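Participant: Got a structure for you, written out below as structure tokens; questions coming shortly.
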Amino acid sequence: MQKIRDQFPAMVIYKDPTFTSSLFAGRNLPSFVKDFILKRYILQDGGLDREGLTNFLNMVIPQKQTEVKDRLANKEEITILARFIIYIDLVKGIRRFGIPDLGIKINEGQIPEYVYRQHQGELVDGEKWGIIKLSVLPDDDGKKNHVEMVDYKPFKPYRSVDLDYLRAARSSFSIQEWIDFLLSAMEYDPDGFENMTQKMEFLTRLLIFIEPRLNVIELAPKGTGKSFVFGNLSKYGWLVSGGKVTRAKLFYDKSKQQNGIIKNHDFTAFDEIQTIIFQEPAEIQAALKSYLESGKTTIDNNEFTSECGLMLMGNIPLDRNRHPMTNKYFDSLPSSFRESALLDRFHCFIEGWHLPRINKGMIYKGWTVNVEYFSEILHALRTQNVYSLLFDALVGCDKNADTRDFNAVKKTTVAYMKLLFPNWTSVDNVNLDDFDNFCLQPAIYRRGIIKEQCHNIDDEFKIQMPHFWVKTPDASTDNPKVGNGAEENQLF
């Protein structure tokens with residue numbers, strides 16, 4: 001789409017899935033890393049410096065675990081771009097790190113004090129992406145060696161993004177064009193979707209990227225792209241795929257005095273939730289109830305708070321017409337999650353059976369914004385409160401509305417506004433029909449599914465949703481615009 005190139009000239013990249021898969025063969029990298037590397041080696045005529053890109057990959061992203069370990073064992077200092085995990089050992093006063101993809105265990109890596117102080121607030125518990133320089137050095141007692149992180153640069157090509165620039169660009173697109181643009185930024189071809197229902201169902205997955213503490217459930221057949229979306233489009237999320245999950249891993253590990261994965265991420269997505277083993281399910285359920293309600297929970301007398309949203313993703317059996325085989329959707333969830341009081345705390349439901357099975361032809365080929373820029377935009381919009389103020393100015397509701405219903409509709413509506421209409425910064429420039437059709441009504445509908453399914457579990461839960469309506473706003477009402485400067489960080 002030429003309009004994308006015109007409006008985002010510095011952020012666009014040409015996507016060719018066949019070419020990209022060949023270039024990155026043997027290196028399992030998320031899309032935001034691939035796009036960063038590709039963008040560095042695009043020539044002015046639109047071509048690609050293949051040799052330079054290949055040399056760069058060989059230098060900073062080794063294909064083999066043994067290559068890194070051999071070079072370190074030979075006392076070589078190496079620089080790599082990698083995903084690593086940080087653990088702060090309070091007992092021994094050591095900041096540790098591990099690189100799972102390269103076989104460096106968390107008890108083998110150490111972060112020195114000077115590196116930590118240079119990056120206050122960056123090197124905290126959890127998963128990170130960055131450019132790190134490694135060397136093998138002796139421990140203080142001289143008896144053993146460790147892998148030391150002698151230098152570090154965060155993987156953040158865009159230190160900040162200009163939201164006012166985004167808003168101005170959005171004004172040049174129709175809603176249909178913008179929806180197709182968003183799909184292309186997710187690396188999917190808009191023409192691969194049969195209708196607007198499919199497109200909107202797919203885009204709804206992005207709401208937890210963009211709205212703090214939005215809690216979503218999606219049930220869908222296999223092969224509809226769930227894992228790719230949540231594992232490749234943002235470094236700010238965490239995808240849990242199978243295995244054992246404990247309360248300590250999610251929230252707070254008392255023995256290690258370490259925060260869990262929910263603390264430091266925008267969202268946590270549980271993929272194939274039927275295959276995940278929740279240890280101590282009663283404890284996890286109790287902690288989740290409190291957290292889903294208020295963003296807080298108490299773990300062993302420690303108050304835990306976060307703005308992380310939760311996504312439950314599971315498979316659901318369909319009939320030959322691709323409709324659920326039962327109207328009790330939550331029967332597809334693990335037994336520890338089939339409790340109405342817990343599920344009532346979720347805000348939004350995605351009917352994944354409307355989505356097509358992803359095929360090769362649906363992968364986008366053409367010009368669009370690079371994934372790293374796209375993910376930074378979604379992350380930056382999380383803290384913009386102008387859209388919440390717009391909701392308050394535009395929406396009326398029954399005075400006796402259930403608080404959970406109201407909060408769910410508001411959060412989902414606000415998320416849709418951020419995603420589809422980021423240029424709306426005052427009531428004067430809101431199209432009320434678009435607001436109702438694309439933001440408010442979908443939010444009411446998706447919360448209504450949660451209520452109906454809770455009723456199927458416990459008939460004390462009422463199906464009826466409160467009445468919401470779009471008010472005729474006072475034309476003099478104006479909300480402040482929020483923007484920040486743009487700067488691209490040179491990593492190498």
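Chains: A, B, ... in order of the structure tokens. Residues: from 1 per chain. Ligands: from 1, in order shown.
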Can you pull out the residues contacting Asp266 (chain A)? Cut-off 12 Å, using only C-alpha atoms, and skip same-chain residues under 2 positions away; I want them as number ranges by chain.

Facilitator: A: 206-215, 230, 234-239, 261-264, 268-269, 306-311, 375-376, 378-383

Participant: So which residues of region 55-291 of chain A fall under strand (DSSP E or B) by DSSP, listed as a PyMOL selection string?

Facilitator: chain A and resi 78-89+94-99+104-111+126-138+145-154+158-160+188+216-220+237-245+252-253+258-259+267-278

Participant: I need the residue nearest Phe173 (chain A) from this list: A:Leu137, A:Val60, A:Ile4, A:Val414. Use only C-alpha atoms for the distance.

Facilitator: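 Among the listed residues, the smallest separation from Phe173 (chain A) belongs to A:Ile4.
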
Participant: Which of these residues is nearest to Glu351 (chain A), using only C-alpha atoms: A:Ala443, A:Leu219, A:Val115, A:Ala168?

Facilitator: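 Comparing A:Ala443, A:Leu219, A:Val115, A:Ala168 against Glu351 (chain A), the winner is A:Leu219.
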
Participant: Would you mind listing what lies within 9 Å of Tyr387 (chain A) as a list in words, with only C-alpha atoms counted and same-chain residues fewer than 5 positions away left out?

Facilitator: Asp392, Val414, Ala415, Met417, Lys418, Pro422, Trp424, Thr425, Ser426 and Asn479 of chain A

Participant: Determine which residues of region 217-425 of chain A receive a DSSP assignment of helix (DSSP H, G or I), computed from the backbone, and state them as number ranges by chain.

Facilitator: A: 226-232, 247-250, 281-294, 329-332, 335-337, 340-343, 352-354, 360-362, 371-381, 386-394, 403-420

Participant: Which residue is closest to Lys39 (chain A)? Choose from A:Tyr252, A:Tyr373, A:Tyr87, A:Phe461 and count only C-alpha atoms.

Facilitator: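 Among the listed residues, A:Tyr373 lies closest to Lys39 (chain A).
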